[in-house]
$ cat model.txt   # compact mmCIF, C-alpha atoms
# COMPACT_ATOMS: atom_id res chain seq x y z
CA MET P 183 57.81 12.10 16.80
CA ASP P 184 58.48 8.65 18.23
CA VAL P 185 61.07 7.43 15.73
CA ASN P 186 61.07 3.91 17.15
CA ALA P 187 57.29 3.68 16.77
CA TYR P 188 57.56 4.81 13.15
CA LEU P 189 60.31 2.28 12.43
CA ASP P 190 58.20 -0.43 14.09
CA ARG P 191 55.30 0.58 11.83
CA ILE P 192 57.38 -0.17 8.73
CA GLY P 193 59.25 -3.12 10.25
CA VAL P 194 62.78 -1.71 10.13
CA ALA P 195 65.46 -1.52 12.82
CA ARG P 196 67.00 1.87 13.54
CA PRO P 197 69.69 2.41 10.87
CA GLY P 198 73.26 2.81 12.02
CA ALA P 199 73.95 5.55 9.49
CA ALA P 200 71.98 7.96 7.31
CA ASP P 201 73.43 6.51 4.12
CA ALA P 202 72.11 5.38 0.74
CA GLU P 203 71.95 1.71 1.69
CA HIS P 204 69.64 2.37 4.63
CA LEU P 205 67.61 4.86 2.59
CA ARG P 206 66.88 2.07 0.12
CA GLU P 207 65.79 -0.21 2.96
CA LEU P 208 63.54 2.45 4.50
CA HIS P 209 62.02 3.35 1.12
CA ARG P 210 61.04 -0.21 0.22
CA ALA P 211 59.80 -1.00 3.73
CA HIS P 212 57.55 2.08 3.68
CA LEU P 213 56.03 1.06 0.35
CA GLU P 214 55.33 -2.43 1.65
CA ALA P 215 53.87 -1.40 5.02
CA VAL P 216 52.04 1.89 4.44
CA PRO P 217 49.40 1.85 1.72
CA PHE P 218 48.70 4.49 -0.87
CA GLU P 219 45.01 5.15 -0.15
CA ASN P 220 42.33 7.81 -0.38
CA LEU P 221 39.87 6.24 2.06
CA GLY P 222 39.85 9.31 4.28
CA ILE P 223 38.41 11.38 1.43
CA HIS P 224 35.53 8.93 1.00
CA LEU P 225 34.98 8.57 4.75
CA GLY P 226 34.61 12.32 5.17
CA GLU P 227 37.75 12.56 7.31
CA PRO P 228 39.72 15.83 7.34
CA ILE P 229 42.98 15.73 5.40
CA SER P 230 45.65 17.56 7.39
CA LEU P 231 49.27 18.33 6.53
CA ASP P 232 50.13 19.26 10.11
CA PRO P 233 53.21 17.16 11.01
CA ASP P 234 51.61 15.76 14.17
CA ASP P 235 48.52 14.75 12.22
CA LEU P 236 50.60 13.07 9.51
CA VAL P 237 52.50 10.95 12.02
CA ASP P 238 49.31 10.20 13.96
CA LYS P 239 47.61 8.87 10.85
CA VAL P 240 50.50 6.79 9.53
CA VAL P 241 52.02 5.56 12.80
CA ARG P 242 49.44 5.58 15.56
CA ARG P 243 46.30 5.00 13.47
CA ARG P 244 48.25 2.70 11.12
CA ARG P 245 46.66 4.10 8.00
CA GLY P 246 48.07 5.29 4.71
CA GLY P 247 47.31 8.31 2.58
CA PHE P 248 48.08 9.98 -0.72
CA CYS P 249 51.25 11.76 -1.80
CA TYR P 250 51.13 14.80 0.47
CA GLU P 251 50.53 12.64 3.52
CA LEU P 252 52.87 9.74 2.72
CA ASN P 253 55.86 11.73 1.51
CA GLY P 254 55.12 14.37 4.14
CA ALA P 255 55.37 11.79 6.92
CA PHE P 256 58.33 9.97 5.37
CA ALA P 257 60.26 13.24 5.19
CA LEU P 258 59.82 13.72 8.94
CA LEU P 259 61.16 10.22 9.61
CA LEU P 260 64.18 10.72 7.35
CA GLU P 261 65.05 14.05 8.95
CA ALA P 262 64.80 12.51 12.42
CA LEU P 263 67.27 9.84 11.28
CA GLY P 264 69.83 12.39 10.05
CA TYR P 265 69.01 12.71 6.34
CA SER P 266 68.59 16.11 4.69
CA VAL P 267 65.28 16.38 2.86
CA ALA P 268 63.97 18.92 0.37
CA ARG P 269 60.23 18.80 -0.33
CA VAL P 270 59.65 19.59 -3.99
CA GLY P 271 56.59 20.11 -6.10
CA ALA P 272 55.90 18.04 -9.18
CA ARG P 273 53.43 18.25 -12.04
CA VAL P 274 51.99 14.91 -13.12
CA PHE P 275 51.79 14.14 -16.82
CA ARG P 276 48.10 13.71 -17.69
CA THR P 277 49.13 12.76 -21.22
CA PRO P 278 52.61 12.66 -22.77
CA ASP P 279 52.12 16.32 -23.77
CA GLN P 280 49.96 17.69 -20.94
CA LEU P 281 51.07 18.48 -17.40
CA GLY P 282 48.87 18.90 -14.37
CA PRO P 283 48.98 22.01 -12.16
CA PRO P 284 51.87 23.05 -9.92
CA PHE P 285 51.99 21.19 -6.58
CA ASP P 286 50.03 18.36 -8.23
CA HIS P 287 52.39 15.97 -6.45
CA LEU P 288 54.89 16.09 -3.59
CA ALA P 289 58.26 14.32 -3.97
CA LEU P 290 61.42 14.30 -1.85
CA LEU P 291 65.06 14.99 -2.67
CA VAL P 292 67.19 13.29 -0.03
CA GLY P 293 70.82 13.88 0.89
CA THR P 294 72.83 11.40 2.92
CA ALA P 295 75.36 11.93 5.70
CA ASP P 296 78.16 10.82 3.37
CA HIS P 297 76.97 13.29 0.69
CA ASP P 298 75.83 10.55 -1.68
CA GLY P 299 73.03 11.61 -4.01
CA PRO P 300 70.80 13.54 -3.86
CA TRP P 301 68.19 10.83 -4.28
CA LEU P 302 64.63 11.15 -5.53
CA ALA P 303 62.53 9.38 -2.89
CA ASP P 304 58.81 8.89 -3.49
CA VAL P 305 56.59 6.62 -1.37
CA GLY P 306 53.41 8.40 -2.41
CA PHE P 307 52.88 7.86 -6.14
CA GLY P 308 51.28 4.44 -6.12
CA ARG P 309 53.01 2.31 -8.72
CA HIS P 310 56.48 3.77 -8.97
CA SER P 311 60.09 2.88 -8.16
CA THR P 312 60.74 0.45 -5.32
CA TYR P 313 64.00 2.20 -4.45
CA PRO P 314 65.11 5.85 -4.57
CA LEU P 315 66.43 7.15 -7.88
CA LEU P 316 69.72 8.99 -8.29
CA LEU P 317 68.68 12.51 -9.20
CA GLY P 318 71.84 13.41 -11.14
CA SER P 319 71.88 10.35 -13.36
CA ARG P 320 70.70 10.72 -16.94
CA THR P 321 71.05 7.04 -17.84
CA GLY P 322 68.46 4.35 -17.26
CA GLN P 323 68.07 3.12 -13.68
CA ASP P 324 66.75 -0.43 -13.44
CA ASP P 325 64.37 -1.02 -10.56
CA PRO P 326 61.86 -3.76 -9.66
CA GLY P 327 59.18 -1.20 -10.61
CA GLY P 328 60.57 -0.68 -14.11
CA ARG P 329 63.34 1.14 -15.92
CA PHE P 330 63.45 4.78 -14.81
CA THR P 331 65.11 7.64 -16.65
CA LEU P 332 65.50 11.23 -15.51
CA ALA P 333 65.84 13.98 -18.09
CA ASP P 334 66.52 17.71 -17.94
CA ALA P 335 63.47 19.91 -18.51
CA PRO P 336 63.05 23.69 -18.91
CA ASP P 337 63.86 26.04 -16.01
CA GLY P 338 66.06 23.49 -14.27
CA ASP P 339 63.20 21.02 -13.73
CA VAL P 340 63.60 17.26 -14.15
CA ASP P 341 61.25 14.86 -15.95
CA VAL P 342 60.83 11.32 -14.62
CA PHE P 343 60.07 8.47 -17.04
CA ARG P 344 59.10 4.88 -16.28
CA ASP P 345 59.66 2.42 -19.12
CA GLY P 346 59.76 5.36 -21.50
CA ASP P 347 56.46 6.89 -20.33
CA PRO P 348 56.56 10.33 -18.65
CA GLN P 349 55.39 10.28 -15.03
CA TYR P 350 55.95 13.75 -13.59
CA ARG P 351 58.11 16.87 -13.77
CA ILE P 352 59.99 17.82 -10.60
CA GLU P 353 60.41 21.47 -9.74
CA ALA P 354 63.97 22.24 -8.63
CA ARG P 355 63.01 24.72 -5.89
CA PRO P 356 62.53 23.36 -2.34
CA ARG P 357 59.13 24.08 -0.80
CA ALA P 358 57.49 24.12 2.61
CA LEU P 359 54.84 21.51 3.24
CA THR P 360 52.29 24.29 3.72
CA ASP P 361 52.82 25.31 0.07
CA PHE P 362 50.99 22.14 -0.92
CA ALA P 363 47.91 22.80 1.22
CA PRO P 364 45.72 24.51 -1.46
CA THR P 365 46.29 21.80 -4.08
CA CYS P 366 45.90 19.09 -1.43
CA TRP P 367 42.51 20.60 -0.52
CA TRP P 368 41.51 20.67 -4.20
CA GLN P 369 42.59 17.05 -4.72
CA ALA P 370 40.55 15.97 -1.68
CA THR P 371 37.36 17.92 -2.49
CA SER P 372 36.99 18.72 -6.18
CA PRO P 373 34.73 16.50 -8.31
CA GLU P 374 37.35 16.98 -11.04
CA SER P 375 40.03 15.27 -8.93
CA HIS P 376 40.52 11.57 -9.61
CA PHE P 377 40.95 11.04 -5.85
CA THR P 378 37.29 11.92 -5.20
CA ARG P 379 35.89 9.53 -7.82
CA ALA P 380 36.32 6.17 -6.07
CA PRO P 381 38.12 4.71 -3.05
CA VAL P 382 41.42 2.94 -3.69
CA CYS P 383 44.01 1.28 -1.47
CA SER P 384 47.29 -0.20 -2.71
CA ARG P 385 50.71 -1.26 -1.47
CA LEU P 386 53.82 -3.06 -2.61
CA ASP P 387 53.71 -6.78 -1.76
CA GLY P 388 57.16 -8.29 -2.34
CA ASP P 389 57.65 -8.29 -6.10
CA ALA P 390 53.93 -7.79 -6.68
CA ARG P 391 51.29 -5.18 -5.84
CA ILE P 392 48.01 -5.69 -4.03
CA SER P 393 45.13 -3.25 -4.30
CA ILE P 394 41.47 -2.76 -3.51
CA SER P 395 39.60 -0.68 -6.04
CA GLY P 396 35.95 -0.24 -5.17
CA ARG P 397 34.86 -3.78 -4.35
CA THR P 398 37.58 -5.64 -6.23
CA LEU P 399 40.79 -7.11 -4.82
CA ILE P 400 43.54 -6.86 -7.45
CA ARG P 401 46.89 -8.64 -7.48
CA THR P 402 49.41 -7.64 -10.14
CA LYS P 403 52.77 -9.28 -10.73
CA GLY P 404 54.80 -8.69 -13.84
CA GLY P 405 52.28 -8.53 -16.64
CA ALA P 406 49.71 -10.71 -14.85
CA ARG P 407 46.63 -9.28 -13.16
CA GLU P 408 44.23 -11.27 -10.97
CA GLU P 409 40.90 -9.78 -9.86
CA THR P 410 38.74 -11.12 -7.03
CA PRO P 411 35.28 -9.63 -6.42
CA LEU P 412 34.42 -8.64 -2.84
CA PRO P 413 30.64 -8.95 -3.02
CA SER P 414 29.65 -8.23 0.60
CA ASP P 415 30.46 -5.54 3.14
CA ASP P 416 31.98 -8.19 5.41
CA ALA P 417 34.24 -9.46 2.61
CA LEU P 418 35.40 -5.92 1.85
CA ARG P 419 36.15 -5.14 5.51
CA ALA P 420 38.01 -8.44 5.88
CA ALA P 421 40.16 -7.66 2.82
CA TYR P 422 41.14 -4.27 4.24
CA ARG P 423 42.10 -5.92 7.54
CA GLU P 424 43.98 -8.85 6.02
CA HIS P 425 45.93 -7.08 3.30
CA PHE P 426 46.38 -3.57 4.71
CA GLY P 427 45.87 -3.84 8.45
CA ILE P 428 43.03 -1.32 8.24
CA THR P 429 39.96 -1.88 10.41
CA LEU P 430 36.93 0.11 9.28
CA ASP P 431 33.83 0.64 11.40
CA ARG P 432 32.10 1.93 8.26
CA LEU P 433 32.85 1.65 4.58
CA PRO P 434 33.95 4.56 2.41
CA GLY P 435 31.36 6.11 0.14
CA GLY P 436 31.47 4.72 -3.38
CA ALA P 437 32.64 1.29 -2.22
$ encode --input "model.txt" --output "structure tokens"
Amino acid sequence: MDVNAYLDRIGVARPGAADAEHLRELHRAHLEAVPFENLGIHLGEPISLDPDDLVDKVVRRRRGGFCYELNGAFALLLEALGYSVARVGARVFRTPDQLGPPFDHLALLVGTADHDGPWLADVGFGRHSTYPLLLGSRTGQDDPGGRFTLADAPDGDVDVFRDGDPQYRIEARPRALTDFAPTCWWQATSPESHFTRAPVCSRLDGDARISISGRTLIRTKGGAREETPLPSDDALRAAYREHFGITLDRLPGGA
């Protein structure tokens, strides 16, 4: 992997140390530069978890992806910079009382060179924390994305809450990226997966979030939401180029 090319992609200079301060910088920069998107699913592109393919998509093709791709690629960058990274499975809360299947989500537990942490890093959950969360803390952690709380769950797992609402349950056991391949395939192909229902593209934009859902450009900041229709194919392509740096020679199905 060309580390300098990856850092250029997210607009960050090579950190002088693999510490918590630089992890925070890398985490936020990734969220601002690399969109959470499922366009590949709706363009009929293969979804690959091969490390070379992940870096090719995010760095060389300057695209985004969903959790397996984004956190999968980010883990490779962090390891190349000297961080220790454990890839862990998570089950997303469908309702406050109902969890999704194992490997429903991929998150990262990151250790620093000075043994600070570990930190929960997640650049692949859409709207989530702007900065990594301290895994061992059981008090509220204030973040631009909300107030996050981690709580002990059965079998050594950890539940993550945002503003009091459960987000997902982290499995304590480290996993290989290949362990996520079957669920990744299901998420990308099943009509029951919410990723196959409509194209979406979203990224952090300063203290706001900008998204394209179908043919609507959405800006959210605080509690305010502004929607702008994109009525033509040209307007939709232009919005992808302007706000996400994505040039499409054809539009995703369902757009």
$ closest_residue --input "model.txt" --among "P:Ala215, P:Leu359, P:Leu386, P:Val194" --to "Val267 of chain P" --atoms "only C-alpha atoms"
P:Leu359
$ residues_around --input "model.txt" --residues "Cys249 of chain P" --least-positions-apart "5" --cutoff "8 Å" --atoms "only C-alpha atoms" --output "compact mmCIF listing (two decimals) with C-alpha atoms, keeping the file's coordinate frame"
# COMPACT_ATOMS: atom_id res chain seq x y z
CA PHE P 218 48.70 4.49 -0.87
CA GLY P 254 55.12 14.37 4.14
CA HIS P 287 52.39 15.97 -6.45
CA LEU P 288 54.89 16.09 -3.59
CA ALA P 289 58.26 14.32 -3.97
CA VAL P 305 56.59 6.62 -1.37
CA GLY P 306 53.41 8.40 -2.41
CA PHE P 307 52.88 7.86 -6.14
$ residues_around --input "model.txt" --residues "Pro228 of chain P" --least-positions-apart "4" --cutoff "10 Å" --atoms "all atoms listed in the file" --output "PyMOL selection string"
chain P and resi 222-223+367+370
$ closest_residue --input "model.txt" --among "P:Leu189, P:Ala417, P:Ile352, P:Leu430" --to "Val274 of chain P" --atoms "all atoms listed in the file"
P:Ile352
$ atom_distance --input "model.txt" --atom1 "atom CA of Thr360 of chain P" --atom2 "atom CA of Leu290 of chain P"
14.6 Å
$ atom_distance --input "model.txt" --atom1 "atom CA of Ile400 of chain P" --atom2 "atom CA of Arg309 of chain P"
13.2 Å
$ closest_residue --input "model.txt" --among "P:Ile192, P:Leu418, P:Ala303, P:Ala390" --to "Arg244 of chain P" --atoms "only C-alpha atoms"
P:Ile192
$ closest_residue --input "model.txt" --among "P:Leu225, P:Cys366, P:Leu231, P:Ile392" --to "Asp286 of chain P" --atoms "only C-alpha atoms"
P:Cys366
$ residues_around --input "model.txt" --residues "Arg273 of chain P" --least-positions-apart "4" --cutoff "10 Å" --atoms "all atoms listed in the file" --output "list in words"
Gln280, Leu281, Gly282, Pro283, Pro284, Phe285, Asp286, His287, Leu288, Asp341, Gln349, Tyr350, Arg351, Ile352 and Glu353 of chain P
$ closest_residue --input "model.txt" --among "P:Val342, P:Leu208, P:Val185, P:Ala202" --to "Arg242 of chain P" --atoms "all atoms listed in the file"
P:Val185
$ closest_residue --input "model.txt" --among "P:Asp184, P:Asp416, P:Asp387, P:Glu409" --to "Leu259 of chain P" --atoms "all atoms listed in the file"
P:Asp184
$ atom_distance --input "model.txt" --atom1 "atom CA of Leu213 of chain P" --atom2 "atom CA of Ser372 of chain P"
26.8 Å
$ closest_atom_pairs --input "model.txt" --of "segment 243-313 of chain P" --to "segment 326-339 of chain P" --cutoff "7 Å" --atoms "all atoms listed in the file" --output "Markdown table"
| residue | atom | partner | partner_atom | distance |
| --- | --- | --- | --- | --- |
| P:His310 | CA | P:Gly327 | CA | 5.9 |
| P:Ser311 | CA | P:Gly327 | CA | 4.8 |
| P:Thr312 | CA | P:Gly327 | CA | 5.8 |
$ axis_aligned_box --input "model.txt" --around "segment 213-229 of chain P" --padding-each-side "4 Å" --output "lines of an AutoDock Vina configuration file"
center_x = 45.3
center_y = 6.7
center_z = 3.2
size_x = 29.4
size_y = 26.3
size_z = 16.2
$ residues_around --input "model.txt" --residues "segment 375-381 of chain P" --least-positions-apart "2" --cutoff "9 Å" --atoms "all atoms listed in the file" --output "PyMOL selection string"
chain P and resi 219-224+248+368-373+383+394-396+434-437
$ write_last_selection --input "model.txt" --atoms "C-alpha atoms" --output "tab-separated table (two decimals), in the coordinates of the input"
chain	number	residue	atom	x	y	z
P	219	GLU	CA	45.01	5.15	-0.15
P	220	ASN	CA	42.33	7.81	-0.38
P	221	LEU	CA	39.87	6.24	2.06
P	222	GLY	CA	39.85	9.31	4.28
P	223	ILE	CA	38.41	11.38	1.43
P	224	HIS	CA	35.53	8.93	1.00
P	248	PHE	CA	48.08	9.98	-0.72
P	368	TRP	CA	41.51	20.67	-4.20
P	369	GLN	CA	42.59	17.05	-4.72
P	370	ALA	CA	40.55	15.97	-1.68
P	371	THR	CA	37.36	17.92	-2.49
P	372	SER	CA	36.99	18.72	-6.18
P	373	PRO	CA	34.73	16.50	-8.31
P	383	CYS	CA	44.01	1.28	-1.47
P	394	ILE	CA	41.47	-2.76	-3.51
P	395	SER	CA	39.60	-0.68	-6.04
P	396	GLY	CA	35.95	-0.24	-5.17
P	434	PRO	CA	33.95	4.56	2.41
P	435	GLY	CA	31.36	6.11	0.14
P	436	GLY	CA	31.47	4.72	-3.38
P	437	ALA	CA	32.64	1.29	-2.22
$ residues_around --input "model.txt" --residues "Pro314 of chain P" --least-positions-apart "6" --cutoff "7 Å" --atoms "only C-alpha atoms" --output "ChimeraX atom specification"
/P:206,209,301-303
